[in-house]
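J.: If you scroll down you'll find the structure; I have some questions about it.
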Amino acid sequence: MEWLIGGIESLGVILVVLTLSAMLLWVERKGSALVQNRVGANRAGVFRIAAPFNLGFMNTLMADPLKLFTKEDFIPAGADRLGHALAPCVALFPAVVTFAAIPFGDTIEVGGRIINLQAINLDVGFLYITALVSLGVYGIVLAGWASNNRWALLGSIRGSAQMISYELAMGISLVSMILLYGTLDMQEMVRWQGGLLFGVLPAWGVFYQPVAFLIVLTAGIAETKRVPFDLPECESELIAGYYTEYSGGKQACFMLSDFAEIVMVSGLVTTLFFGGWQVPYLDSKAGLGLPGMTPMALPAALITALQVGAFVVKVLFFCCFQILVRWTLPRFRYDQLMNLGWKKMMPIALLNMAATALIILLVEQGR
Amino acid sequence: MSPLVFYPLAFVCIASAMGVVLSKNPVRSALCLVSALFCLAIFYVFLQAHLVAALQIIVYAGAVMVLFLFVITLLNLESDRGLGERPALSGIGFCAGAFVAASLVAALSSAVAPGSRGVVLPQTFGTTKVLARQLFGDYLVAFELTSVLLLVAVVGAVVLAKRDGSYEGDEQDAAPARQSEEAPH
């Protein structure tokens, strides 16, 4: 029974992430149109006549995958066929399975059985996520190398250099979050953020660690390799970078993995800094209680629905935020990218970590 | 650990380890090594050592091997031309490998003597707390010495790289450095 629940939860999470990633493609098209002041994706053949409103997203969700997966799958001459075929899977895998360790709700009780709303509950869940994030590089390296194309190789070298550089700053900032929460269990981290700060603010990580939040968000956007960090695939220089030689379904996999990474970064930021499934002033047991008021009891099902809903809203907010960033900022130059990663974010992250450790030590001694 | 999981996993692990040695292409070798490390991490998970498994992937698969691959693809090494041309070196390598294998077999065969039932592990085995207490308590000196050793290696690498003088010396090494230097400020 235990493994059945885990299996259903894992499958559900993976399906949701994949669907959300596909939906984000439409959000991106509409969002870019909004930012650039044009109409945007509005051609929906099938249901156009019947629908009273625009169903442009049908196009993205149905026509696009259909087109991509029925296209000719082209493998260039001299390419490493195995590597060429493996690379899209290797790129997609970590982005999709990472979400399994992110809790999307508190534990609920159904028929006397306690179910944890987190697909896999590891006591090192946090490290599981960092481990999988660090595996994301292989898809790019493999794609660039197996394509037997200089642009692809250049793109993959840029990509791996960029991801290594930004992972450092991100990792160090994440260490300061571990210091703060004192646990590696994602569910425990979210519980920690349940109370109130100064009696008014929700005790979310972002209020304790604003610097770490900025660094993790920036490094996370850099990990997704999109503008302003899209040097691995910048089309004005490298055609499409590491996936220049990909077409059809395999290219769709790379696109999907980019969007899945957006969802993953949003989930990570939400969980670490914005209280995960926590709703401000809503306690899982006591119910809703604004500051200075006695808590009002709510039915358990409603509380769970509110919490899962809050998590989804927060994740969607950060997805949209990343898309907005992508269409607002211009691309970095390569030296600016490296300077930002190594000379600015890395020392700031180190200082932040040292300061966090010192403050925690002082606070604990003061007790 | 169920045999249904163990044997396929062991097969993949050994096959990729063989791939590291037998593959002619350095990139393929490196990727096989990543696969072997990944399989080892899964073994650790089944042995209740979750933290070690996560660290294995973060440090070896995620950091060390990425840098290896980065250098290999950057230099774009076409094929393995090192050991094949030096029979003495491959002979020494073979002997060293055989010695390690023999000592491993000797050590492990005594550990699984017939009739022994193994050890019952405590509930907390492999958790972060227990491991950290050992690492930063019982083995603190060794741990710190290892980190000093790594620091020495890093400083040594920088010194060796600087000794060449200018970047112009080697065309291939100069490319990435120049890219960042010559960009207009």
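So you can find residues: chains in the structure tokens are A, B, ... in the order shown, residues in each start at 1, and ligands are numbered from 1 in order.
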Could you tell me which residues of chain A sit within 8 Å of chain B when counting only C-alpha atoms, and give me the result as a ChimeraX atom specification?
T.: /A:123-124,127-128,130-132,134-135,137-138,141,145,153,157,160-161,164,334-335
J.: Quick one: write out the picked residues with N, CA and C atoms as an mmCIF file, in the first residue's frame?
T.:
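Writing done, so here's part-v2.cif:
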```cif
data_model
loop_
_atom_site.group_PDB
_atom_site.id
_atom_site.type_symbol
_atom_site.label_atom_id
_atom_site.label_comp_id
_atom_site.auth_asym_id
_atom_site.auth_seq_id
_atom_site.Cartn_x
_atom_site.Cartn_y
_atom_site.Cartn_z
ATOM 1 N N ASP A 123 15.045 11.757 3.991
ATOM 2 C CA ASP A 123 15.615 12.646 5.005
ATOM 3 C C ASP A 123 16.738 13.483 4.416
ATOM 4 N N VAL A 124 17.176 13.152 3.197
ATOM 5 C CA VAL A 124 18.153 14.003 2.520
ATOM 6 C C VAL A 124 17.537 14.556 1.229
ATOM 7 N N LEU A 127 19.372 17.264 -0.594
ATOM 8 C CA LEU A 127 20.566 16.874 -1.351
ATOM 9 C C LEU A 127 20.178 16.138 -2.625
ATOM 10 N N TYR A 128 19.064 15.394 -2.558
ATOM 11 C CA TYR A 128 18.556 14.726 -3.751
ATOM 12 C C TYR A 128 18.310 15.745 -4.852
ATOM 13 N N THR A 130 19.640 18.858 -5.122
ATOM 14 C CA THR A 130 20.898 19.433 -5.624
ATOM 15 C C THR A 130 21.633 18.439 -6.509
ATOM 16 N N ALA A 131 21.590 17.148 -6.133
ATOM 17 C CA ALA A 131 22.281 16.131 -6.935
ATOM 18 C C ALA A 131 21.693 16.085 -8.334
ATOM 19 N N LEU A 132 20.364 16.092 -8.432
ATOM 20 C CA LEU A 132 19.751 15.980 -9.753
ATOM 21 C C LEU A 132 19.957 17.244 -10.575
ATOM 22 N N SER A 134 22.533 19.057 -10.486
ATOM 23 C CA SER A 134 23.895 19.044 -11.016
ATOM 24 C C SER A 134 24.042 18.049 -12.166
ATOM 25 N N LEU A 135 23.086 17.127 -12.316
ATOM 26 C CA LEU A 135 23.173 16.192 -13.443
ATOM 27 C C LEU A 135 22.644 16.798 -14.737
ATOM 28 N N VAL A 137 23.681 19.030 -16.506
ATOM 29 C CA VAL A 137 24.692 19.426 -17.485
ATOM 30 C C VAL A 137 24.904 18.354 -18.544
ATOM 31 N N TYR A 138 24.708 17.079 -18.150
ATOM 32 C CA TYR A 138 25.106 16.000 -19.056
ATOM 33 C C TYR A 138 24.346 16.009 -20.363
ATOM 34 N N VAL A 141 26.104 18.541 -22.560
ATOM 35 C CA VAL A 141 27.438 18.111 -22.998
ATOM 36 C C VAL A 141 27.307 17.012 -24.045
ATOM 37 N N TRP A 145 28.416 17.279 -27.967
ATOM 38 C CA TRP A 145 29.515 16.441 -28.430
ATOM 39 C C TRP A 145 29.046 15.448 -29.492
ATOM 40 N N LEU A 153 29.008 22.087 -30.323
ATOM 41 C CA LEU A 153 30.057 21.858 -29.334
ATOM 42 C C LEU A 153 30.344 23.138 -28.547
ATOM 43 N N ILE A 157 29.917 23.652 -24.572
ATOM 44 C CA ILE A 157 31.020 24.067 -23.689
ATOM 45 C C ILE A 157 30.613 25.300 -22.888
ATOM 46 N N SER A 160 28.128 24.132 -20.201
ATOM 47 C CA SER A 160 28.651 23.465 -19.015
ATOM 48 C C SER A 160 29.433 24.449 -18.157
ATOM 49 N N ALA A 161 30.205 25.354 -18.800
ATOM 50 C CA ALA A 161 30.952 26.341 -18.014
ATOM 51 C C ALA A 161 29.997 27.203 -17.194
ATOM 52 N N ILE A 164 28.332 25.132 -14.296
ATOM 53 C CA ILE A 164 29.258 24.879 -13.187
ATOM 54 C C ILE A 164 29.429 26.151 -12.366
ATOM 55 N N TYR A 334 29.559 37.340 -22.640
ATOM 56 C CA TYR A 334 30.087 36.172 -21.954
ATOM 57 C C TYR A 334 30.940 36.546 -20.744
ATOM 58 N N ASP A 335 31.758 37.611 -20.878
ATOM 59 C CA ASP A 335 32.596 37.990 -19.734
ATOM 60 C C ASP A 335 31.748 38.552 -18.598
#
```
J.: Can you tell me, as a list of chain:residue names, what residues are no more than 10 Å from A:Ile221 when counting only C-alpha atoms, ignoring any on the same chain fewer than 2 positions away?
T.: A:Tyr166, A:Ile215, A:Val216, A:Leu217, A:Thr218, A:Ala219, A:Glu223, A:Thr224, A:Lys225, A:Arg226, A:Val227, A:Pro228, A:Phe229, A:Asp230, A:Glu261, A:Ile262, A:Val265, A:Ser266, A:Gln322, A:Ile323, A:Val325, A:Arg326
J.: Would you save the residues from that selection as a PDB file, in the first residue's frame, using N, CA and C atoms?
T.:
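Listing of again.pdb after writing:
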```pdb
ATOM      1  N   TYR A 166      27.488  28.799 -11.989  1.00  0.00           N
ATOM      2  CA  TYR A 166      26.351  29.277 -11.217  1.00  0.00           C
ATOM      3  C   TYR A 166      25.906  28.287 -10.152  1.00  0.00           C
ATOM      4  N   ILE A 215      20.187  35.275  -4.881  1.00  0.00           N
ATOM      5  CA  ILE A 215      21.226  34.487  -5.546  1.00  0.00           C
ATOM      6  C   ILE A 215      20.654  33.190  -6.096  1.00  0.00           C
ATOM      7  N   VAL A 216      19.818  32.519  -5.307  1.00  0.00           N
ATOM      8  CA  VAL A 216      19.268  31.254  -5.780  1.00  0.00           C
ATOM      9  C   VAL A 216      18.369  31.482  -6.986  1.00  0.00           C
ATOM     10  N   LEU A 217      17.579  32.550  -6.952  1.00  0.00           N
ATOM     11  CA  LEU A 217      16.696  32.809  -8.093  1.00  0.00           C
ATOM     12  C   LEU A 217      17.517  33.125  -9.344  1.00  0.00           C
ATOM     13  N   THR A 218      18.554  33.973  -9.194  1.00  0.00           N
ATOM     14  CA  THR A 218      19.381  34.323 -10.344  1.00  0.00           C
ATOM     15  C   THR A 218      20.106  33.092 -10.892  1.00  0.00           C
ATOM     16  N   ALA A 219      20.710  32.333  -9.975  1.00  0.00           N
ATOM     17  CA  ALA A 219      21.424  31.138 -10.420  1.00  0.00           C
ATOM     18  C   ALA A 219      20.450  30.130 -11.023  1.00  0.00           C
ATOM     19  N   GLU A 223      20.564  28.481 -14.605  1.00  0.00           N
ATOM     20  CA  GLU A 223      20.545  27.035 -14.838  1.00  0.00           C
ATOM     21  C   GLU A 223      19.570  26.670 -15.948  1.00  0.00           C
ATOM     22  N   THR A 224      18.494  27.451 -16.102  1.00  0.00           N
ATOM     23  CA  THR A 224      17.544  27.114 -17.159  1.00  0.00           C
ATOM     24  C   THR A 224      18.049  27.545 -18.533  1.00  0.00           C
ATOM     25  N   LYS A 225      19.159  28.251 -18.578  1.00  0.00           N
ATOM     26  CA  LYS A 225      19.798  28.644 -19.834  1.00  0.00           C
ATOM     27  C   LYS A 225      18.885  29.458 -20.734  1.00  0.00           C
ATOM     28  N   ARG A 226      18.115  30.356 -20.153  1.00  0.00           N
ATOM     29  CA  ARG A 226      17.281  31.218 -20.982  1.00  0.00           C
ATOM     30  C   ARG A 226      17.765  32.650 -20.866  1.00  0.00           C
ATOM     31  N   VAL A 227      17.328  33.506 -21.788  1.00  0.00           N
ATOM     32  CA  VAL A 227      17.696  34.914 -21.718  1.00  0.00           C
ATOM     33  C   VAL A 227      17.428  35.409 -20.302  1.00  0.00           C
ATOM     34  N   PRO A 228      18.270  36.171 -19.668  1.00  0.00           N
ATOM     35  CA  PRO A 228      19.534  36.756 -20.142  1.00  0.00           C
ATOM     36  C   PRO A 228      20.750  35.833 -20.052  1.00  0.00           C
ATOM     37  N   PHE A 229      20.541  34.574 -19.735  1.00  0.00           N
ATOM     38  CA  PHE A 229      21.687  33.659 -19.601  1.00  0.00           C
ATOM     39  C   PHE A 229      21.699  32.641 -20.738  1.00  0.00           C
ATOM     40  N   ASP A 230      21.240  33.002 -21.938  1.00  0.00           N
ATOM     41  CA  ASP A 230      21.063  31.969 -22.957  1.00  0.00           C
ATOM     42  C   ASP A 230      22.277  31.821 -23.857  1.00  0.00           C
ATOM     43  N   GLU A 261      12.577  22.745 -16.286  1.00  0.00           N
ATOM     44  CA  GLU A 261      13.535  23.362 -15.374  1.00  0.00           C
ATOM     45  C   GLU A 261      12.960  24.630 -14.760  1.00  0.00           C
ATOM     46  N   ILE A 262      12.191  25.369 -15.560  1.00  0.00           N
ATOM     47  CA  ILE A 262      11.540  26.567 -15.006  1.00  0.00           C
ATOM     48  C   ILE A 262      10.619  26.159 -13.860  1.00  0.00           C
ATOM     49  N   VAL A 265      12.756  25.132 -10.828  1.00  0.00           N
ATOM     50  CA  VAL A 265      13.331  26.283 -10.112  1.00  0.00           C
ATOM     51  C   VAL A 265      12.242  26.996  -9.315  1.00  0.00           C
ATOM     52  N   SER A 266      11.053  27.146  -9.923  1.00  0.00           N
ATOM     53  CA  SER A 266       9.955  27.797  -9.212  1.00  0.00           C
ATOM     54  C   SER A 266       9.583  26.999  -7.967  1.00  0.00           C
ATOM     55  N   GLN A 322       9.639  34.190 -14.268  1.00  0.00           N
ATOM     56  CA  GLN A 322      10.810  33.832 -15.080  1.00  0.00           C
ATOM     57  C   GLN A 322      10.570  34.122 -16.546  1.00  0.00           C
ATOM     58  N   ILE A 323       9.331  33.909 -16.991  1.00  0.00           N
ATOM     59  CA  ILE A 323       9.035  34.208 -18.394  1.00  0.00           C
ATOM     60  C   ILE A 323       9.101  35.709 -18.630  1.00  0.00           C
ATOM     61  N   VAL A 325      11.010  37.794 -16.995  1.00  0.00           N
ATOM     62  CA  VAL A 325      12.429  38.140 -17.012  1.00  0.00           C
ATOM     63  C   VAL A 325      13.022  37.833 -18.372  1.00  0.00           C
ATOM     64  N   ARG A 326      12.650  36.675 -18.917  1.00  0.00           N
ATOM     65  CA  ARG A 326      13.210  36.244 -20.185  1.00  0.00           C
ATOM     66  C   ARG A 326      12.865  37.223 -21.301  1.00  0.00           C
TER      67      ARG A 326
END
```
J.: Go through A:Gln118, A:Thr244, A:Gln209, A:Ser284 and flag the residue nearest A:Gly155, using only C-alpha atoms for the distances.
T.: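 Using only C-alpha atoms, the shortest distance to A:Gly155 belongs to A:Thr244.
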J.: Point out the residue among B:Ile14, B:Val21, B:Ser103, B:Pro26 with the least atom-to-atom distance to B:Leu40, counting only C-alpha atoms.
T.: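 Distance minimum relative to B:Leu40 lands on B:Ile14.
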J.: For atom CA of B:Ser2 and atom CA of A:Trp3, determine how far apart the two atoms are, in Å to one decimal place.
T.: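 Here the two named atoms are 14.8 Å from each other.
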J.: Work out how far atom CA of B:Leu33 is from atom CA of A:Val96, in Å to one decimal.
T.: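 Interatomic distance, atom CA of A:Val96 to atom CA of B:Leu33: 23.2 Å.
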J.: Residues of stretch 3-193 of chain A in alpha helix (DSSP H) according to DSSP, as an MDAnalysis selection string?
T.: chainID A and resid 3:35 56:58 64:70 81:97 125:135 137:146 150:181 186:192
J.: If we count only C-alpha atoms and set the cut-off at 8 Å, which residues sit around A:Trp151, ignoring sequence neighbours fewer than 3 positions away in its own chain? Please answer as a PyMOL selection string.
T.: chain A and resi 154-155+238-242+244
J.: Could you turn the residues from that selection into a file that holds N, CA, C and O atoms, as a PDB file, in the first residue's frame?
T.:
```pdb
ATOM      1  N   LEU A 154      30.429  24.256 -29.281  1.00  0.00           N
ATOM      2  CA  LEU A 154      30.656  25.541 -28.605  1.00  0.00           C
ATOM      3  C   LEU A 154      29.535  25.822 -27.613  1.00  0.00           C
ATOM      4  O   LEU A 154      29.782  26.241 -26.484  1.00  0.00           O
ATOM      5  N   GLY A 155      28.313  25.573 -28.046  1.00  0.00           N
ATOM      6  CA  GLY A 155      27.176  25.805 -27.162  1.00  0.00           C
ATOM      7  C   GLY A 155      27.244  24.949 -25.928  1.00  0.00           C
ATOM      8  O   GLY A 155      26.986  25.410 -24.816  1.00  0.00           O
ATOM      9  N   LEU A 238      25.268  31.137 -32.432  1.00  0.00           N
ATOM     10  CA  LEU A 238      25.486  29.690 -32.471  1.00  0.00           C
ATOM     11  C   LEU A 238      24.311  28.938 -33.092  1.00  0.00           C
ATOM     12  O   LEU A 238      24.138  27.762 -32.847  1.00  0.00           O
ATOM     13  N   ILE A 239      23.485  29.610 -33.879  1.00  0.00           N
ATOM     14  CA  ILE A 239      22.296  29.007 -34.500  1.00  0.00           C
ATOM     15  C   ILE A 239      21.307  28.612 -33.401  1.00  0.00           C
ATOM     16  O   ILE A 239      20.399  29.344 -33.087  1.00  0.00           O
ATOM     17  N   ALA A 240      21.504  27.428 -32.798  1.00  0.00           N
ATOM     18  CA  ALA A 240      20.681  27.116 -31.623  1.00  0.00           C
ATOM     19  C   ALA A 240      21.539  26.494 -30.542  1.00  0.00           C
ATOM     20  O   ALA A 240      21.037  25.826 -29.653  1.00  0.00           O
ATOM     21  N   GLY A 241      22.869  26.673 -30.631  1.00  0.00           N
ATOM     22  CA  GLY A 241      23.732  26.121 -29.594  1.00  0.00           C
ATOM     23  C   GLY A 241      23.726  24.612 -29.593  1.00  0.00           C
ATOM     24  O   GLY A 241      23.741  23.984 -30.650  1.00  0.00           O
ATOM     25  N   TYR A 242      23.649  24.050 -28.397  1.00  0.00           N
ATOM     26  CA  TYR A 242      23.870  22.612 -28.269  1.00  0.00           C
ATOM     27  C   TYR A 242      22.827  21.776 -28.981  1.00  0.00           C
ATOM     28  O   TYR A 242      23.065  20.627 -29.290  1.00  0.00           O
ATOM     29  N   THR A 244      21.536  22.484 -32.011  1.00  0.00           N
ATOM     30  CA  THR A 244      21.465  22.869 -33.423  1.00  0.00           C
ATOM     31  C   THR A 244      21.063  21.697 -34.308  1.00  0.00           C
ATOM     32  O   THR A 244      20.270  21.842 -35.231  1.00  0.00           O
TER      33      THR A 244
END
```
J.: Suppose you want the space between atom CA of B:Phe6 and atom CA of B:Met18; what is it in Å?
T.: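 We find that atom CA of B:Phe6 and atom CA of B:Met18 lie 18.0 Å from each other.
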